[in-house]
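Raw contents of entry.cif, mmCIF, C-alpha atoms; chains and numbers go by the auth columns:
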data_work
#
loop_
_atom_site.group_PDB
_atom_site.id
_atom_site.type_symbol
_atom_site.label_atom_id
_atom_site.label_comp_id
_atom_site.label_asym_id
_atom_site.label_seq_id
_atom_site.Cartn_x
_atom_site.Cartn_y
_atom_site.Cartn_z
_atom_site.B_iso_or_equiv
_atom_site.auth_seq_id
_atom_site.auth_asym_id
ATOM 1 C CA MET A 1 -3.632 -9.053 -11.569 0.00 877 A
ATOM 2 C CA GLU A 2 -1.946 -8.404 -8.226 0.00 878 A
ATOM 3 C CA LYS A 3 -3.738 -9.701 -5.144 0.00 879 A
ATOM 4 C CA ILE A 4 -4.414 -7.215 -2.346 0.00 880 A
ATOM 5 C CA PRO A 5 -3.746 -8.572 1.171 0.00 881 A
ATOM 6 C CA MET A 6 -6.526 -7.803 3.618 0.00 882 A
ATOM 7 C CA THR A 7 -7.745 -8.914 7.027 0.00 883 A
ATOM 8 C CA PRO A 8 -11.278 -10.346 7.372 0.00 884 A
ATOM 9 C CA LYS A 9 -12.272 -7.211 9.337 0.00 885 A
ATOM 10 C CA GLY A 10 -10.969 -4.904 6.601 0.00 886 A
ATOM 11 C CA HIS A 11 -12.695 -6.946 3.885 0.00 887 A
ATOM 12 C CA SER A 12 -15.970 -6.772 5.784 0.00 888 A
ATOM 13 C CA ALA A 13 -15.656 -2.991 6.226 0.00 889 A
ATOM 14 C CA LEU A 14 -15.115 -2.461 2.486 0.00 890 A
ATOM 15 C CA GLU A 15 -18.063 -4.739 1.651 0.00 891 A
ATOM 16 C CA SER A 16 -20.260 -2.722 4.041 0.00 892 A
ATOM 17 C CA GLU A 17 -19.181 0.552 2.442 0.00 893 A
ATOM 18 C CA LEU A 18 -19.922 -0.840 -1.029 0.00 894 A
ATOM 19 C CA LYS A 19 -23.368 -2.032 0.061 0.00 895 A
ATOM 20 C CA GLN A 20 -24.116 1.404 1.592 0.00 896 A
ATOM 21 C CA LEU A 21 -23.062 3.191 -1.583 0.00 897 A
ATOM 22 C CA LYS A 22 -25.121 0.916 -3.850 0.00 898 A
ATOM 23 C CA SER A 23 -28.278 0.605 -1.767 0.00 899 A
ATOM 24 C CA VAL A 24 -28.501 4.025 -0.063 0.00 900 A
ATOM 25 C CA GLU A 25 -26.211 6.670 -1.568 0.00 901 A
ATOM 26 C CA ARG A 26 -26.700 5.846 -5.267 0.00 902 A
ATOM 27 C CA PRO A 27 -30.565 5.861 -5.143 0.00 903 A
ATOM 28 C CA ALA A 28 -30.544 9.058 -3.052 0.00 904 A
ATOM 29 C CA ILE A 29 -28.350 10.916 -5.531 0.00 905 A
ATOM 30 C CA ILE A 30 -30.453 9.716 -8.467 0.00 906 A
ATOM 31 C CA ARG A 31 -33.526 11.186 -6.730 0.00 907 A
ATOM 32 C CA ALA A 32 -31.643 14.438 -6.045 0.00 908 A
ATOM 33 C CA ILE A 33 -30.664 14.744 -9.730 0.00 909 A
ATOM 34 C CA ALA A 34 -34.251 14.127 -10.861 0.00 910 A
ATOM 35 C CA GLU A 35 -35.478 16.741 -8.391 0.00 911 A
ATOM 36 C CA ALA A 36 -32.897 19.277 -9.546 0.00 912 A
ATOM 37 C CA ARG A 37 -33.876 18.671 -13.195 0.00 913 A
ATOM 38 C CA GLU A 38 -37.426 19.671 -12.364 0.00 914 A
ATOM 39 C CA HIS A 39 -36.212 23.130 -11.352 0.00 915 A
ATOM 40 C CA GLY A 40 -35.668 24.052 -14.988 0.00 916 A
ATOM 41 C CA ASP A 41 -32.584 25.509 -16.694 0.00 917 A
ATOM 42 C CA LEU A 42 -29.726 23.084 -15.974 0.00 918 A
ATOM 43 C CA SER A 43 -26.943 25.453 -17.070 0.00 919 A
ATOM 44 C CA GLU A 44 -27.447 27.668 -14.008 0.00 920 A
ATOM 45 C CA ASN A 45 -28.740 25.043 -11.611 0.00 921 A
ATOM 46 C CA ALA A 46 -26.184 24.675 -8.810 0.00 922 A
ATOM 47 C CA GLU A 47 -28.139 21.851 -7.143 0.00 923 A
ATOM 48 C CA TYR A 48 -28.034 19.824 -10.351 0.00 924 A
ATOM 49 C CA HIS A 49 -24.298 20.337 -10.869 0.00 925 A
ATOM 50 C CA SER A 50 -23.571 19.519 -7.219 0.00 926 A
ATOM 51 C CA ALA A 51 -25.663 16.343 -7.405 0.00 927 A
ATOM 52 C CA ARG A 52 -23.951 15.256 -10.655 0.00 928 A
ATOM 53 C CA GLU A 53 -20.549 15.841 -9.072 0.00 929 A
ATOM 54 C CA LYS A 54 -21.523 13.746 -6.046 0.00 930 A
ATOM 55 C CA GLN A 55 -22.887 11.033 -8.365 0.00 931 A
ATOM 56 C CA SER A 56 -19.552 10.950 -10.182 0.00 932 A
ATOM 57 C CA PHE A 57 -17.713 10.534 -6.880 0.00 933 A
ATOM 58 C CA ILE A 58 -20.057 7.737 -5.729 0.00 934 A
ATOM 59 C CA GLU A 59 -19.775 5.837 -9.017 0.00 935 A
ATOM 60 C CA GLY A 60 -15.978 6.152 -8.932 0.00 936 A
ATOM 61 C CA ARG A 61 -15.817 4.869 -5.367 0.00 937 A
ATOM 62 C CA ILE A 62 -18.115 1.933 -6.239 0.00 938 A
ATOM 63 C CA LYS A 63 -15.828 0.950 -9.136 0.00 939 A
ATOM 64 C CA GLU A 64 -12.749 1.277 -6.919 0.00 940 A
ATOM 65 C CA LEU A 65 -14.256 -0.867 -4.143 0.00 941 A
ATOM 66 C CA GLU A 66 -15.445 -3.527 -6.598 0.00 942 A
ATOM 67 C CA GLY A 67 -11.932 -3.719 -8.057 0.00 943 A
ATOM 68 C CA VAL A 68 -10.276 -3.952 -4.636 0.00 944 A
ATOM 69 C CA LEU A 69 -12.705 -6.609 -3.383 0.00 945 A
ATOM 70 C CA ALA A 70 -12.292 -8.648 -6.590 0.00 946 A
ATOM 71 C CA ARG A 71 -8.518 -8.774 -6.012 0.00 947 A
ATOM 72 C CA ALA A 72 -8.687 -9.196 -2.220 0.00 948 A
ATOM 73 C CA ASP A 73 -6.585 -11.935 -0.652 0.00 949 A
ATOM 74 C CA VAL A 74 -8.202 -12.296 2.769 0.00 950 A
ATOM 75 C CA ILE A 75 -5.665 -13.486 5.348 0.00 951 A
ATOM 76 C CA ASP A 76 -6.901 -14.457 8.811 0.00 952 A
ATOM 77 C CA PRO A 77 -4.197 -13.462 11.338 0.00 953 A
ATOM 78 C CA ALA A 78 -5.645 -15.857 13.949 0.00 954 A
ATOM 79 C CA LYS A 79 -4.279 -18.749 11.848 0.00 955 A
ATOM 80 C CA LEU A 80 -0.731 -17.346 11.858 0.00 956 A
ATOM 81 C CA SER A 81 2.147 -17.421 14.334 0.00 957 A
ATOM 82 C CA GLY A 82 5.899 -16.905 14.508 0.00 958 A
ATOM 83 C CA PRO A 83 7.912 -13.891 13.363 0.00 959 A
ATOM 84 C CA ILE A 84 6.157 -10.687 12.345 0.00 960 A
ATOM 85 C CA LYS A 85 4.168 -10.921 9.133 0.00 961 A
ATOM 86 C CA PHE A 86 0.946 -9.549 7.655 0.00 962 A
ATOM 87 C CA GLY A 87 -1.845 -9.367 10.231 0.00 963 A
ATOM 88 C CA ALA A 88 0.409 -9.310 13.291 0.00 964 A
ATOM 89 C CA ARG A 89 -0.449 -6.957 16.146 0.00 965 A
ATOM 90 C CA VAL A 90 2.960 -5.705 17.275 0.00 966 A
ATOM 91 C CA THR A 91 3.807 -3.858 20.477 0.00 967 A
ATOM 92 C CA LEU A 92 6.993 -1.803 20.222 0.00 968 A
ATOM 93 C CA VAL A 93 8.879 0.477 22.547 0.00 969 A
ATOM 94 C CA ASP A 94 10.702 3.502 21.145 0.00 970 A
ATOM 95 C CA GLU A 95 14.277 3.045 22.402 0.00 971 A
ATOM 96 C CA ASP A 96 14.795 6.837 22.642 0.00 972 A
ATOM 97 C CA THR A 97 11.585 7.903 24.391 0.00 973 A
ATOM 98 C CA ASP A 98 10.463 4.616 26.047 0.00 974 A
ATOM 99 C CA GLU A 99 7.021 5.233 24.497 0.00 975 A
ATOM 100 C CA GLU A 100 5.067 2.048 23.756 0.00 976 A
ATOM 101 C CA LYS A 101 3.021 1.722 20.575 0.00 977 A
ATOM 102 C CA THR A 102 0.856 -1.103 19.289 0.00 978 A
ATOM 103 C CA TRP A 103 0.073 -1.485 15.601 0.00 979 A
ATOM 104 C CA GLN A 104 -1.517 -4.160 13.479 0.00 980 A
ATOM 105 C CA ILE A 105 0.049 -4.664 10.058 0.00 981 A
ATOM 106 C CA VAL A 106 -2.764 -4.560 7.487 0.00 982 A
ATOM 107 C CA GLY A 107 -3.363 -3.945 3.771 0.00 983 A
ATOM 108 C CA GLU A 108 -3.199 -0.448 2.352 0.00 984 A
ATOM 109 C CA HIS A 109 -6.982 -0.154 1.863 0.00 985 A
ATOM 110 C CA GLU A 110 -7.704 -0.723 5.558 0.00 986 A
ATOM 111 C CA ALA A 111 -4.719 1.155 7.013 0.00 987 A
ATOM 112 C CA ASN A 112 -5.501 3.942 9.492 0.00 988 A
ATOM 113 C CA ILE A 113 -2.577 5.013 11.657 0.00 989 A
ATOM 114 C CA GLU A 114 -4.828 6.814 14.177 0.00 990 A
ATOM 115 C CA ASN A 115 -6.617 3.502 14.820 0.00 991 A
ATOM 116 C CA GLY A 116 -3.360 1.531 15.068 0.00 992 A
ATOM 117 C CA LEU A 117 -3.682 -0.032 11.597 0.00 993 A
ATOM 118 C CA LEU A 118 -0.316 0.176 9.861 0.00 994 A
ATOM 119 C CA ASN A 119 -0.010 -0.103 6.060 0.00 995 A
ATOM 120 C CA ILE A 120 2.107 -3.139 5.096 0.00 996 A
ATOM 121 C CA LYS A 121 3.928 -0.912 2.586 0.00 997 A
ATOM 122 C CA SER A 122 4.953 1.666 5.231 0.00 998 A
ATOM 123 C CA PRO A 123 8.635 1.940 6.226 0.00 999 A
ATOM 124 C CA ILE A 124 7.921 0.733 9.781 0.00 1000 A
ATOM 125 C CA ALA A 125 5.928 -2.319 8.652 0.00 1001 A
ATOM 126 C CA ARG A 126 8.553 -3.270 6.063 0.00 1002 A
ATOM 127 C CA ALA A 127 11.279 -3.025 8.727 0.00 1003 A
ATOM 128 C CA LEU A 128 9.255 -5.184 11.151 0.00 1004 A
ATOM 129 C CA ILE A 129 8.533 -8.078 8.772 0.00 1005 A
ATOM 130 C CA GLY A 130 10.469 -11.174 9.850 0.00 1006 A
ATOM 131 C CA LYS A 131 11.474 -9.796 13.262 0.00 1007 A
ATOM 132 C CA GLU A 132 10.778 -11.588 16.548 0.00 1008 A
ATOM 133 C CA GLU A 133 10.119 -10.548 20.144 0.00 1009 A
ATOM 134 C CA GLY A 134 13.228 -8.930 21.648 0.00 1010 A
ATOM 135 C CA ASP A 135 14.620 -7.836 18.268 0.00 1011 A
ATOM 136 C CA SER A 136 15.720 -4.251 17.770 0.00 1012 A
ATOM 137 C CA VAL A 137 14.564 -2.485 14.603 0.00 1013 A
ATOM 138 C CA GLU A 138 16.065 0.582 12.934 0.00 1014 A
ATOM 139 C CA VAL A 139 13.544 2.490 10.833 0.00 1015 A
ATOM 140 C CA ARG A 140 14.158 5.425 8.533 0.00 1016 A
ATOM 141 C CA THR A 141 11.000 7.551 8.667 0.00 1017 A
ATOM 142 C CA PRO A 142 10.237 10.972 7.209 0.00 1018 A
ATOM 143 C CA GLY A 143 10.882 12.304 10.734 0.00 1019 A
ATOM 144 C CA GLY A 144 14.347 10.722 10.877 0.00 1020 A
ATOM 145 C CA GLU A 145 15.922 7.512 12.190 0.00 1021 A
ATOM 146 C CA ARG A 146 13.939 5.669 14.884 0.00 1022 A
ATOM 147 C CA SER A 147 14.920 2.639 16.953 0.00 1023 A
ATOM 148 C CA TYR A 148 12.283 0.267 18.297 0.00 1024 A
ATOM 149 C CA GLU A 149 12.396 -2.932 20.312 0.00 1025 A
ATOM 150 C CA VAL A 150 9.739 -5.556 19.588 0.00 1026 A
ATOM 151 C CA LEU A 151 7.995 -6.303 22.919 0.00 1027 A
ATOM 152 C CA LYS A 152 5.121 -8.509 21.813 0.00 1028 A
ATOM 153 C CA ILE A 153 3.706 -10.175 18.687 0.00 1029 A
ATOM 154 C CA ASP A 154 0.047 -11.199 18.718 0.00 1030 A
ATOM 155 C CA TYR A 155 -2.012 -12.846 15.986 0.00 1031 A
ATOM 156 C CA SER A 156 -5.358 -13.068 17.810 0.00 1032 A
#
Using structure tokens, write down the structure that the file contains.
Amino acid sequence: MEKIPMTPKGHSALESELKQLKSVERPAIIRAIAEAREHGDLSENAEYHSAREKQSFIEGRIKELEGVLARADVIDPAKLSGPIKFGARVTLVDEDTDEEKTWQIVGEHEANIENGLLNIKSPIARALIGKEEGDSVEVRTPGGERSYEVLKIDYS
């Protein structure tokens, strides 16, 4: 079974979501289904069908999270240093636009590009692995070729 790399923060967030689903969402949907059953004919009961659909989603998400957490390989970036690797917070400058961007390279289950969390399997992250401050990186993205210079690597 393949291990899933994850930061301690990402692991904690998934554990919190799992706890919320099991202790709050699951009991609430069970109550909603019981309530909808009391309304009579289930074949035409939209509330019942909606609640069952939501229950199916919740149970699927619980199974997914349990599987991910069971295979999690938690890597603490604060214990790392050197060239870019998993967990690094990397500041880059786009060599064409001079725009600076900072991303942290994280596992796919915690990635969120809007929050600066870059999936380790993304083209940019794969191109950055092994690079050092001052290196230039060519990345082929869906939007075309991009050139970045690595300004700073931080593992804190």
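Separating atom CA of A:Arg937 from atom CA of A:Leu894 is a distance of 8.3 Å.
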Quiz item: Applied to the shown file, which residues does the PyMOL selection byres ((chain A and resi 982) around 12) return, written as a ChimeraX atom specification?
Solution: /A:880-887,949-953,960-966,979-981,983-989,991-998,1001-1002,1005,1031
Quiz item: Suppose you want the space between atom CA of A:Ile934 and atom CA of A:Lys895; what is it in Å?
Solution: 11.8 Å
Quiz prompt | Evaluate the PyMOL selection byres ((chain A and resi 971) around 8) and report residues as a VMD selection string | solution = chain A and resid 969 to 970 972 to 975 1022 to 1025
Writer output for current selection, C-alpha atoms, as a PDB file, keeping the file's coordinate frame:
ATOM      1  CA  VAL A 969       8.879   0.477  22.547  1.00  0.00           C
ATOM      2  CA  ASP A 970      10.702   3.502  21.145  1.00  0.00           C
ATOM      3  CA  ASP A 972      14.795   6.837  22.642  1.00  0.00           C
ATOM      4  CA  THR A 973      11.585   7.903  24.391  1.00  0.00           C
ATOM      5  CA  ASP A 974      10.463   4.616  26.047  1.00  0.00           C
ATOM      6  CA  GLU A 975       7.021   5.233  24.497  1.00  0.00           C
ATOM      7  CA  ARG A1022      13.939   5.669  14.884  1.00  0.00           C
ATOM      8  CA  SER A1023      14.920   2.639  16.953  1.00  0.00           C
ATOM      9  CA  TYR A1024      12.283   0.267  18.297  1.00  0.00           C
ATOM     10  CA  GLU A1025      12.396  -2.932  20.312  1.00  0.00           C
TER      11      GLU A1025
END
Exercise. For the structure provided, state which residues fall under the PyMOL selection byres ((chain A and resi 906-910) around 8), and present them as a PyMOL selection string.
Key: chain A and resi 902-905+911-914+923-924+927-928+931
Test item: axis-aligned box, all listed atoms of stretch 975-993 of chain A, 6 Å on each side, centre and edges in Å rounded to one decimal, as lines of an AutoDock Vina configuration file:
center_x = -0.3
center_y = 1.1
center_z = 13.2
size_x = 26.7
size_y = 23.5
size_z = 34.6
